[in-house]
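Asker: Structure file run-v4.txt, compact mmCIF, C-alpha atoms, is pasted below:
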# COMPACT_ATOMS: atom_id res chain seq x y z
CA MET D 1 34.21 -45.83 -22.25
CA ARG D 2 35.62 -44.64 -18.93
CA ILE D 3 36.11 -41.14 -20.40
CA LYS D 4 32.46 -41.13 -21.49
CA TYR D 5 31.26 -42.04 -17.99
CA PHE D 6 33.60 -39.49 -16.48
CA VAL D 7 32.19 -36.73 -18.69
CA ILE D 8 28.61 -37.73 -17.75
CA LEU D 9 29.45 -37.66 -14.03
CA LEU D 10 31.14 -34.28 -14.42
CA ILE D 11 28.06 -32.80 -16.13
CA LEU D 12 25.76 -34.20 -13.45
CA SER D 13 27.92 -32.78 -10.69
CA LEU D 14 27.96 -29.35 -12.32
CA VAL D 15 24.18 -29.39 -12.66
CA GLY D 16 23.85 -30.40 -9.04
CA CYS D 17 26.09 -27.51 -7.98
CA LYS D 18 24.04 -24.94 -9.85
CA LYS D 19 23.20 -22.09 -7.51
CA LYS D 20 19.57 -22.13 -6.46
CA GLU D 21 17.75 -18.82 -6.85
CA VAL D 22 16.83 -17.32 -3.50
CA PRO D 23 13.22 -16.05 -3.29
CA PHE D 24 13.18 -12.27 -2.99
CA ILE D 25 11.32 -12.27 0.33
CA ASP D 26 14.04 -14.45 1.89
CA ASN D 27 16.40 -11.45 1.78
CA PHE D 28 14.53 -10.02 4.78
CA SER D 29 14.47 -10.93 8.46
CA ASP D 30 10.90 -11.98 9.31
CA LYS D 31 9.79 -9.96 12.34
CA GLY D 32 6.18 -11.14 12.45
CA LYS D 33 3.18 -8.83 12.82
CA VAL D 34 3.35 -5.19 13.91
CA PRO D 35 0.91 -3.58 16.37
CA TYR D 36 -1.53 -0.94 15.19
CA SER D 37 -4.30 1.21 16.62
CA VAL D 38 -7.39 2.77 15.01
CA ILE D 39 -7.37 6.57 15.02
CA GLU D 40 -10.66 7.15 13.25
CA ASN D 41 -13.41 5.19 11.57
CA LEU D 42 -14.13 6.30 8.01
CA PRO D 43 -17.75 5.28 7.34
CA ASN D 44 -18.11 7.68 4.40
CA PHE D 45 -14.79 6.86 2.78
CA ILE D 46 -15.11 5.65 -0.82
CA MET D 47 -11.98 3.88 -1.96
CA TYR D 48 -10.69 4.67 -5.42
CA TYR D 49 -7.32 3.06 -6.10
CA PRO D 50 -4.65 4.31 -6.25
CA ILE D 51 -4.93 6.89 -3.51
CA ARG D 52 -2.04 8.94 -2.11
CA MET D 53 -1.23 10.06 1.40
CA LEU D 54 1.35 12.31 3.08
CA MET D 55 2.00 13.93 6.44
CA ILE D 56 2.75 17.63 7.03
CA LYS D 57 3.42 18.53 10.67
CA ASN D 58 0.57 16.90 12.60
CA MET D 59 -1.75 16.67 9.61
CA LEU D 60 -2.43 13.79 7.23
CA ILE D 61 -3.47 14.67 3.70
CA VAL D 62 -5.18 12.03 1.55
CA ALA D 63 -6.02 12.17 -2.16
CA ASP D 64 -9.00 9.89 -2.80
CA TYR D 65 -10.52 11.34 -6.00
CA LYS D 66 -14.17 10.74 -5.11
CA GLY D 67 -16.94 13.30 -4.72
CA ASN D 68 -16.71 17.04 -5.34
CA LYS D 69 -13.45 17.34 -3.40
CA ILE D 70 -10.28 15.39 -4.10
CA PHE D 71 -8.31 15.90 -0.87
CA THR D 72 -9.08 15.28 2.80
CA LEU D 73 -7.00 16.68 5.67
CA PHE D 74 -6.96 14.96 9.08
CA ASN D 75 -5.59 16.94 12.04
CA LEU D 76 -4.17 14.34 14.42
CA GLU D 77 -4.07 16.77 17.36
CA SER D 78 -7.52 18.33 17.18
CA GLY D 79 -9.26 15.34 15.61
CA LYS D 80 -10.85 17.61 13.01
CA SER D 81 -10.93 16.93 9.28
CA PHE D 82 -12.02 18.82 6.19
CA GLN D 83 -11.94 18.47 2.41
CA PHE D 84 -10.42 20.77 -0.21
CA GLY D 85 -9.49 20.83 -3.90
CA ASN D 86 -12.47 20.97 -6.24
CA GLN D 87 -12.73 18.18 -8.76
CA GLY D 88 -13.41 19.48 -12.24
CA HIS D 89 -11.95 21.04 -15.36
CA GLY D 90 -11.76 24.69 -14.28
CA PRO D 91 -8.47 26.63 -13.95
CA ASN D 92 -8.37 26.02 -10.17
CA ASP D 93 -9.78 22.48 -10.23
CA PHE D 94 -8.15 19.04 -10.25
CA ILE D 95 -8.88 16.00 -12.37
CA ASP D 96 -6.72 13.76 -10.20
CA GLY D 97 -4.26 14.11 -7.32
CA TYR D 98 -1.97 11.21 -8.20
CA GLY D 99 1.30 13.09 -7.68
CA LEU D 100 0.90 14.04 -4.03
CA ALA D 101 4.34 14.58 -2.45
CA PRO D 102 5.92 16.60 0.40
CA LEU D 103 8.05 19.60 -0.48
CA THR D 104 9.06 21.11 2.89
CA ASP D 105 7.90 20.72 6.50
CA THR D 106 4.98 23.05 5.74
CA SER D 107 4.31 22.58 2.02
CA PHE D 108 3.52 19.93 -0.57
CA VAL D 109 2.87 19.56 -4.29
CA VAL D 110 0.15 17.92 -6.37
CA PHE D 111 0.84 16.71 -9.91
CA ASP D 112 -2.29 16.46 -12.07
CA ARG D 113 -1.40 13.96 -14.80
CA MET D 114 -4.39 14.78 -16.96
CA VAL D 115 -3.47 18.43 -17.54
CA LYS D 116 0.30 18.22 -16.84
CA LYS D 117 0.27 20.80 -14.06
CA VAL D 118 1.91 20.91 -10.65
CA SER D 119 0.25 22.88 -7.83
CA PHE D 120 2.11 24.12 -4.74
CA PHE D 121 0.31 24.13 -1.38
CA ARG D 122 1.21 25.55 2.01
CA VAL D 123 -0.27 24.49 5.36
CA GLU D 124 -0.72 27.16 8.04
CA ASN D 125 -2.84 26.89 11.21
CA ASP D 126 -5.22 24.24 9.90
CA THR D 127 -5.54 26.10 6.61
CA VAL D 128 -4.40 24.82 3.22
CA PHE D 129 -3.94 27.21 0.33
CA CYS D 130 -2.45 26.97 -3.14
CA TYR D 131 0.20 29.60 -3.73
CA LYS D 132 1.46 28.63 -7.19
CA LYS D 133 0.63 26.53 -10.27
CA SER D 134 2.99 25.60 -13.10
CA ASN D 135 2.84 23.59 -16.30
CA ILE D 136 5.31 20.73 -16.25
CA PRO D 137 6.62 18.56 -19.11
CA ALA D 138 6.06 15.15 -17.51
CA ILE D 139 3.84 12.17 -18.27
CA ASN D 140 3.55 9.73 -15.37
CA ASN D 141 4.52 11.25 -12.05
CA VAL D 142 6.92 13.75 -10.49
CA PHE D 143 8.89 13.81 -7.25
CA PRO D 144 10.05 17.24 -6.02
CA PHE D 145 13.57 18.15 -4.96
CA ASN D 146 12.67 21.81 -4.51
CA ASP D 147 10.10 24.18 -6.03
CA SER D 148 11.94 24.14 -9.39
CA ILE D 149 13.59 20.73 -9.76
CA PHE D 150 11.59 17.49 -10.07
CA VAL D 151 12.56 13.89 -10.73
CA THR D 152 10.23 12.00 -13.08
CA ASN D 153 9.82 8.55 -14.59
CA GLY D 154 10.88 7.97 -18.19
CA ASN D 155 9.08 10.21 -20.62
CA TYR D 156 8.43 8.99 -24.16
CA PRO D 157 9.99 9.57 -26.71
CA PHE D 158 13.15 9.80 -24.57
CA ASP D 159 14.72 6.34 -24.35
CA LYS D 160 15.80 6.77 -20.73
CA ASN D 161 14.43 5.41 -17.45
CA PHE D 162 14.19 8.76 -15.62
CA GLY D 163 14.19 12.49 -16.19
CA VAL D 164 14.85 15.74 -14.36
CA VAL D 165 12.49 18.67 -14.89
CA ASP D 166 13.72 22.24 -14.36
CA LEU D 167 10.66 24.49 -14.12
CA SER D 168 12.78 27.63 -14.15
CA LYS D 169 13.93 26.75 -17.67
CA ASP D 170 10.86 24.74 -18.72
CA THR D 171 13.12 21.84 -19.71
CA LEU D 172 13.25 18.09 -19.18
CA TYR D 173 16.58 16.23 -19.13
CA SER D 174 16.45 12.48 -19.73
CA CYS D 175 18.89 10.35 -17.77
CA ILE D 176 19.88 6.79 -16.72
CA ASP D 177 19.46 3.86 -19.11
CA TYR D 178 16.77 1.27 -18.71
CA PRO D 179 17.81 -2.15 -17.41
CA SER D 180 18.60 -4.34 -20.40
CA ILE D 181 18.65 -8.06 -21.06
CA THR D 182 19.37 -9.81 -24.34
CA LYS D 183 15.77 -10.75 -25.20
CA ASP D 184 14.19 -7.42 -24.24
CA LYS D 185 13.22 -5.86 -27.59
CA LEU D 186 10.88 -3.07 -26.59
CA SER D 187 10.17 0.34 -28.03
CA ALA D 188 10.93 3.42 -25.95
CA GLN D 189 7.23 3.80 -25.16
CA ALA D 190 6.96 0.13 -24.13
CA LYS D 191 10.02 0.39 -21.88
CA GLN D 192 8.36 3.27 -20.07
CA ARG D 193 5.54 0.92 -19.11
CA ALA D 194 7.65 -2.16 -18.43
CA TYR D 195 10.08 -0.28 -16.17
CA TYR D 196 7.73 2.15 -14.46
CA SER D 197 9.09 2.97 -11.00
CA HIS D 198 7.70 4.01 -7.63
CA ILE D 199 10.11 6.61 -6.24
CA VAL D 200 10.84 7.85 -2.73
CA ARG D 201 13.16 10.65 -1.61
CA LYS D 202 15.21 10.67 1.57
CA PRO D 203 14.05 13.67 3.68
CA ASN D 204 16.19 16.79 3.21
CA SER D 205 18.60 14.91 0.96
CA ASN D 206 19.55 14.48 -2.70
CA ARG D 207 19.04 10.69 -2.48
CA PHE D 208 16.20 9.09 -4.48
CA VAL D 209 15.40 5.37 -4.57
CA ALA D 210 13.20 3.79 -7.24
CA PHE D 211 11.35 0.47 -7.03
CA LYS D 212 10.34 -1.01 -10.39
CA ALA D 213 6.74 -2.14 -10.11
CA SER D 214 6.90 -5.06 -12.58
CA HIS D 215 10.26 -6.38 -11.43
CA HIS D 216 12.31 -6.66 -8.28
CA ILE D 217 14.84 -4.02 -9.27
CA ILE D 218 15.88 -1.12 -7.03
CA ASP D 219 17.73 1.94 -8.35
CA VAL D 220 19.68 4.09 -5.90
CA MET D 221 20.23 7.58 -7.32
CA ASP D 222 21.66 10.95 -6.31
CA LEU D 223 20.63 14.31 -7.74
CA THR D 224 23.79 16.36 -8.24
CA ASN D 225 23.94 19.69 -10.10
CA ASN D 226 20.42 19.02 -11.40
CA GLU D 227 21.57 15.71 -12.91
CA LEU D 228 20.31 12.35 -11.70
CA LYS D 229 23.13 9.80 -11.34
CA LEU D 230 22.75 6.08 -10.82
CA ILE D 231 24.72 5.05 -7.72
CA GLU D 232 23.70 1.41 -7.76
CA ARG D 233 21.17 -0.83 -9.47
CA ARG D 234 20.17 -3.81 -7.35
CA ILE D 235 18.64 -6.55 -9.53
CA PHE D 236 16.91 -9.28 -7.54
CA ILE D 237 14.51 -10.46 -10.29
CA HIS D 238 14.47 -9.15 -13.87
CA ASN D 239 11.39 -10.33 -15.77
CA GLU D 240 11.67 -10.49 -19.55
CA TRP D 241 9.14 -8.58 -21.64
CA LYS D 242 8.01 -8.81 -25.26
CA MET D 243 5.66 -7.01 -27.63
CA SER D 244 2.28 -8.68 -28.21
CA ARG D 245 -0.11 -6.89 -30.59
CA ASN D 246 1.84 -3.67 -29.97
CA ILE D 247 1.42 -4.03 -26.20
CA PRO D 248 4.36 -4.79 -23.87
CA VAL D 249 3.72 -7.90 -21.75
CA PRO D 250 5.94 -10.18 -19.65
CA SER D 251 7.41 -13.00 -21.78
CA VAL D 252 6.79 -15.47 -18.96
CA ARG D 253 4.23 -15.01 -16.24
CA GLY D 254 6.25 -13.75 -13.32
CA THR D 255 5.72 -13.90 -9.60
CA LEU D 256 2.45 -12.62 -8.21
CA ASN D 257 4.41 -11.00 -5.41
CA ARG D 258 5.06 -7.34 -6.13
CA PHE D 259 5.74 -3.88 -4.81
CA THR D 260 2.74 -1.60 -4.60
CA ALA D 261 2.68 2.18 -5.08
CA MET D 262 3.00 2.69 -1.33
CA LEU D 263 6.42 3.97 -0.23
CA ALA D 264 7.48 6.11 2.71
CA GLY D 265 10.89 7.38 3.73
CA SER D 266 12.31 8.44 7.08
CA ASP D 267 15.84 9.56 7.94
CA ASN D 268 17.17 6.04 8.37
CA ARG D 269 15.03 3.67 6.34
CA ILE D 270 12.52 3.14 3.55
CA PHE D 271 9.14 1.51 4.10
CA ALA D 272 7.79 -0.37 1.06
CA CYS D 273 4.42 -2.09 0.90
CA TYR D 274 4.68 -5.58 -0.60
CA LYS D 275 1.89 -7.93 -1.64
CA ILE D 276 2.49 -11.69 -1.38
CA LYS D 277 0.16 -14.30 -2.89
CA ASP D 278 0.28 -17.98 -2.05
CA GLU D 279 -0.64 -20.93 -4.27
CA ASP D 280 -4.29 -20.59 -3.23
CA ASN D 281 -4.30 -16.95 -4.43
CA LYS D 282 -4.61 -15.64 -0.87
CA SER D 283 -2.87 -12.33 -0.21
CA GLN D 284 -0.62 -11.28 2.64
CA TRP D 285 0.39 -7.63 2.90
CA SER D 286 3.77 -6.84 4.38
CA ILE D 287 5.93 -3.81 5.08
CA LEU D 288 9.49 -4.30 3.91
CA THR D 289 12.25 -2.01 5.16
CA PHE D 290 15.41 -1.01 3.30
CA ASP D 291 18.30 1.27 4.07
CA TRP D 292 18.94 4.21 1.74
CA ASP D 293 21.49 2.18 -0.23
CA GLY D 294 18.73 -0.24 -1.23
CA ASN D 295 19.79 -3.05 1.12
CA PRO D 296 16.94 -5.26 2.41
CA GLN D 297 16.39 -5.22 6.17
CA ASN D 298 13.19 -6.56 7.76
CA ARG D 299 9.73 -7.84 6.92
CA TYR D 300 6.67 -6.96 9.02
CA ASP D 301 3.25 -8.49 8.28
CA ILE D 302 0.10 -6.40 8.69
CA PRO D 303 -3.34 -7.98 9.37
CA PHE D 304 -5.32 -5.70 7.05
CA ILE D 305 -5.36 -4.36 3.50
CA PRO D 306 -3.54 -1.01 3.25
CA TYR D 307 -4.59 1.45 0.55
CA ALA D 308 -2.10 4.16 1.41
CA PHE D 309 0.52 4.89 4.03
CA THR D 310 2.95 7.60 4.99
CA SER D 311 5.53 8.42 7.64
CA THR D 312 7.86 11.19 8.79
CA ASN D 313 9.96 9.20 11.27
CA ASP D 314 11.45 5.74 11.86
CA SER D 315 8.86 4.54 14.35
CA THR D 316 5.39 5.45 13.04
CA LEU D 317 3.35 4.81 9.90
CA TYR D 318 -0.17 6.04 9.19
CA SER D 319 -2.43 4.15 6.81
CA ILE D 320 -5.89 4.08 5.26
CA ALA D 321 -6.80 0.44 5.89
CA LEU D 322 -9.61 -1.96 5.08
CA ILE D 323 -10.28 -3.97 8.24
CA GLY D 324 -13.04 -6.49 7.69
CA LYS D 325 -15.53 -4.51 5.61
CA GLU D 326 -14.76 -1.07 7.06
CA TYR D 327 -12.22 1.61 6.17
CA LYS D 328 -10.23 3.05 9.05
CA LEU D 329 -7.39 5.49 9.61
CA VAL D 330 -4.76 3.56 11.59
CA LYS D 331 -1.42 4.17 13.26
CA ILE D 332 1.23 1.46 12.89
CA ASP D 333 3.98 1.27 15.52
CA MET D 334 7.17 0.19 13.79
CA PRO D 335 9.85 -1.52 15.91
CA PRO D 336 13.31 0.12 16.01
CA LYS D 337 15.56 -0.89 13.15
CA ASP D 338 18.18 -3.52 13.97
Could the structure of this file be written out as structure tokens, please?

Answerer:
Amino acid sequence: MRIKYFVILLILSLVGCKKKEVPFIDNFSDKGKVPYSVIENLPNFIMYYPIRMLMIKNMLIVADYKGNKIFTLFNLESGKSFQFGNQGHGPNDFIDGYGLAPLTDTSFVVFDRMVKKVSFFRVENDTVFCYKKSNIPAINNVFPFNDSIFVTNGNYPFDKNFGVVDLSKDTLYSCIDYPSITKDKLSAQAKQRAYYSHIVRKPNSNRFVAFKASHHIIDVMDLTNNELKLIERRIFIHNEWKMSRNIPVPSVRGTLNRFTAMLAGSDNRIFACYKIKDEDNKSQWSILTFDWDGNPQNRYDIPFIPYAFTSTNDSTLYSIALIGKEYKLVKIDMPPKD
């Protein structure tokens, strides 16, 4: 009888010692709210999510998809703005501008998912012109390393999480396995959806970091000899998925807190936009910072809804924000990293 009681006590003690899962947001130092200032009111702005935003020199470029033009350029020095990029189906038109990404200090690329083309733009003296267009074998989005090599999300039917496109050879190399757990039984096409990643590149570097939108998984990768290598995979939360009527869905409803498509990278840290929902379904938007090894740093709350942001340094972010019922272009002053 004593042995029986001893076994029961031992089981209870082991259960009591079970490690409690730490909420993802608790990995960050809470720094409170960050200050911001309004640069320009945008009374004619029509939000169409998701929009993209980048900064070249002193100019902000926004892809917002609405109207006859897809892109808007804001010159922060002169205060002038203009639109470019016809929306349409002609050889020089764009259907969408989803893949908007910097290439050099004076150039950027646009990936049009609908026609699988990448366009190369150069900015000179308040003028934007397209100097090259190329077909590209990619499905979701591309992230340039140079004018020939691009990193891309997994591309069905390749059963890999990422790919590298070489435009000079018109080839796509699949690389890096998807995260796997025992109960994940998904097709290659379903995995592409379940493990879709938002990717950011460290400026002037071969380092790429990917944030998986439906999980809390961060992949740290280096591009070496045109091959993408996984340096570290940080798994904070790994939601299980299953097939339901040929559609991949989470097996259990996961957290409502999630990464958004908004990422920005400076020399020393990554800025990631994170949406937190409480039990009353109220949302709080925060900026989370990471180092380039994927380590969590700080959390900064913002008192508005951001629809895009970008940065070129450690101390400043620019955002299209909904404040009250009005859209505004704002500047966010980020405190120095610890």

Asker: Would you mind listing what lies within 8 Å of D:Gly294 as a VMD selection string, with only C-alpha atoms counted and same-chain residues fewer than 4 positions away left out?

Answerer: chain D and resid 209 218 to 220 234 290

Asker: Between D:Arg269, D:His238, D:Lys169, D:Lys202, which is the closest to D:Lys337 once you count all atoms listed in the file?

Answerer: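 The closest residue to D:Lys337 is D:Arg269.
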
Asker: If we count only C-alpha atoms and set the cut-off at 9 Å, which residues sit around D:Phe309, ignoring sequence neighbours fewer than 3 positions away in its own chain? Please answer as a VMD selection string.

Answerer: chain D and resid 52 to 54 262 to 264 273 306 317 to 321

Asker: Which residues come within 7 Å of D:Met334, counting all atoms listed in the file, excluding same-chain residues fewer than 4 positions away, as a PyMOL selection string?

Answerer: chain D and resi 34+315-316

Asker: Would you work out the distance separating atom CA of D:Glu227 from atom CA of D:Asn206, expressed in Å to one decimal?

Answerer: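 Calculated distance between atom CA of D:Glu227 and atom CA of D:Asn206 is 10.5 Å.
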
Asker: Would you work out the distance separating atom CA of D:Asn268 from atom CA of D:Asn313, expressed in Å to one decimal?

Answerer: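 Atom CA of D:Asn268 sits 8.4 Å away from atom CA of D:Asn313.
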
Asker: Excluding same-chain residues fewer than 3 positions from stretch 210-214 of chain D, what lies within 6 Å of it counting only C-alpha atoms, as a list in words?

Answerer: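 The contact residues come out as Tyr195, Tyr196, Ser197, His198, Ile199, Ile217, Ile218, Asp219 and Phe259 of chain D.
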
Asker: Counting all atoms listed in the file, which residues in stretch 33-133 of chain D sit no more than 12 Å from stretch 142-155 of chain D? For each one, give the nearest pair of atoms and the distance in Å, sorted by chain then residue number, as a tab-separated table.

Answerer:
residue	atom	partner	partner_atom	distance
D:Gly97	CA	D:Val142	CA	11.6
D:Tyr98	CA	D:Val142	CA	9.5
D:Gly99	CA	D:Val142	CA	6.3
D:Leu100	CA	D:Phe143	CA	8.6
D:Ala101	CA	D:Phe143	CA	6.7
D:Pro102	CA	D:Pro144	CA	7.7
D:Leu103	CA	D:Pro144	CA	6.3
D:Thr104	CA	D:Asn146	CA	8.3
D:Ser107	CA	D:Asp147	CA	10.0
D:Phe108	CA	D:Pro144	CA	8.9
D:Val109	CA	D:Pro144	CA	7.7
D:Val110	CA	D:Val142	CA	9.0
D:Phe111	CA	D:Val142	CA	6.8
D:Asp112	CA	D:Val142	CA	9.7
D:Arg113	CA	D:Val142	CA	9.4
D:Lys116	CA	D:Val142	CA	10.2
D:Lys117	CA	D:Val142	CA	10.3
D:Val118	CA	D:Val142	CA	8.7
D:Ser119	CA	D:Asp147	CA	10.1
D:Phe120	CA	D:Asp147	CA	8.1
D:Phe121	CA	D:Asp147	CA	10.8
D:Tyr131	CA	D:Asp147	CA	11.5
D:Lys132	CA	D:Asp147	CA	9.8
D:Lys133	CA	D:Asp147	CA	10.6

Asker: Which polymer residues have any atom within 10 Å of an atom of D:Phe84, counting all atoms listed in the file, with same-chain residues fewer than 4 positions away left out, as a list in words?

Answerer: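 So, after excluding close chain neighbours, the residues are Ala63, Asn68, Lys69, Ile70, Phe71, Thr72, Leu73, Thr127, Val128 and Phe129 of chain D.
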
Asker: So which one's closest to D:Ile51, D:Asn298, D:Glu326, D:Asp64, D:Asn204? Using only C-alpha atoms, please.

Answerer: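 Distance minimum relative to D:Ile51 lands on D:Asp64.
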
Asker: Expressed in Å to a single decimal, how great is the separation between atom CA of D:Ser283 and atom CA of D:Leu42?

Answerer: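 Going from atom CA of D:Ser283 over to atom CA of D:Leu42, I get 23.3 Å.
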
Asker: Could you model N, CA and C atoms for stretch 93-115 of chain D and present them as a compact mmCIF listing (two decimals), keeping the file's coordinate frame?

Answerer:
# COMPACT_ATOMS: atom_id res chain seq x y z
N ASP D 93 -9.30 23.81 -10.60
CA ASP D 93 -9.78 22.48 -10.23
C ASP D 93 -8.72 21.42 -10.49
N PHE D 94 -9.03 20.18 -10.05
CA PHE D 94 -8.15 19.04 -10.25
C PHE D 94 -8.93 17.90 -10.88
N ILE D 95 -8.30 17.21 -11.80
CA ILE D 95 -8.88 16.00 -12.37
C ILE D 95 -8.44 14.80 -11.54
N ASP D 96 -7.17 14.76 -11.16
CA ASP D 96 -6.72 13.76 -10.20
C ASP D 96 -5.61 14.35 -9.33
N GLY D 97 -5.30 13.65 -8.25
CA GLY D 97 -4.26 14.11 -7.32
C GLY D 97 -3.20 13.05 -7.15
N TYR D 98 -2.88 12.36 -8.25
CA TYR D 98 -1.97 11.21 -8.20
C TYR D 98 -0.60 11.60 -7.63
N GLY D 99 -0.05 12.70 -8.09
CA GLY D 99 1.30 13.09 -7.68
C GLY D 99 1.30 13.93 -6.43
N LEU D 100 0.92 13.35 -5.31
CA LEU D 100 0.90 14.04 -4.03
C LEU D 100 2.21 13.76 -3.32
N ALA D 101 3.01 14.80 -3.03
CA ALA D 101 4.34 14.58 -2.45
C ALA D 101 4.74 15.76 -1.57
N PRO D 102 5.47 15.50 -0.47
CA PRO D 102 5.92 16.60 0.40
C PRO D 102 7.00 17.42 -0.27
N LEU D 103 7.02 18.71 0.04
CA LEU D 103 8.05 19.60 -0.48
C LEU D 103 8.94 20.10 0.66
N THR D 104 8.35 20.69 1.68
CA THR D 104 9.06 21.11 2.89
C THR D 104 8.26 20.64 4.10
N ASP D 105 8.64 21.09 5.28
CA ASP D 105 7.90 20.72 6.50
C ASP D 105 6.51 21.35 6.55
N THR D 106 6.27 22.36 5.72
CA THR D 106 4.98 23.05 5.74
C THR D 106 4.32 23.14 4.36
N SER D 107 4.87 22.45 3.37
CA SER D 107 4.31 22.58 2.02
C SER D 107 4.38 21.24 1.28
N PHE D 108 3.55 21.13 0.25
CA PHE D 108 3.52 19.93 -0.57
C PHE D 108 3.10 20.29 -1.98
N VAL D 109 3.24 19.34 -2.90
CA VAL D 109 2.87 19.56 -4.29
C VAL D 109 1.87 18.49 -4.72
N VAL D 110 1.09 18.84 -5.74
CA VAL D 110 0.15 17.92 -6.37
C VAL D 110 0.39 17.96 -7.87
N PHE D 111 0.66 16.81 -8.46
CA PHE D 111 0.84 16.71 -9.91
C PHE D 111 -0.43 16.13 -10.51
N ASP D 112 -1.08 16.90 -11.38
CA ASP D 112 -2.29 16.46 -12.07
C ASP D 112 -1.87 15.92 -13.43
N ARG D 113 -1.88 14.59 -13.57
CA ARG D 113 -1.40 13.96 -14.80
C ARG D 113 -2.21 14.34 -16.03
N MET D 114 -3.51 14.58 -15.81
CA MET D 114 -4.39 14.78 -16.96
C MET D 114 -4.14 16.10 -17.67
N VAL D 115 -3.70 17.11 -16.93
CA VAL D 115 -3.47 18.43 -17.54
C VAL D 115 -2.01 18.86 -17.46
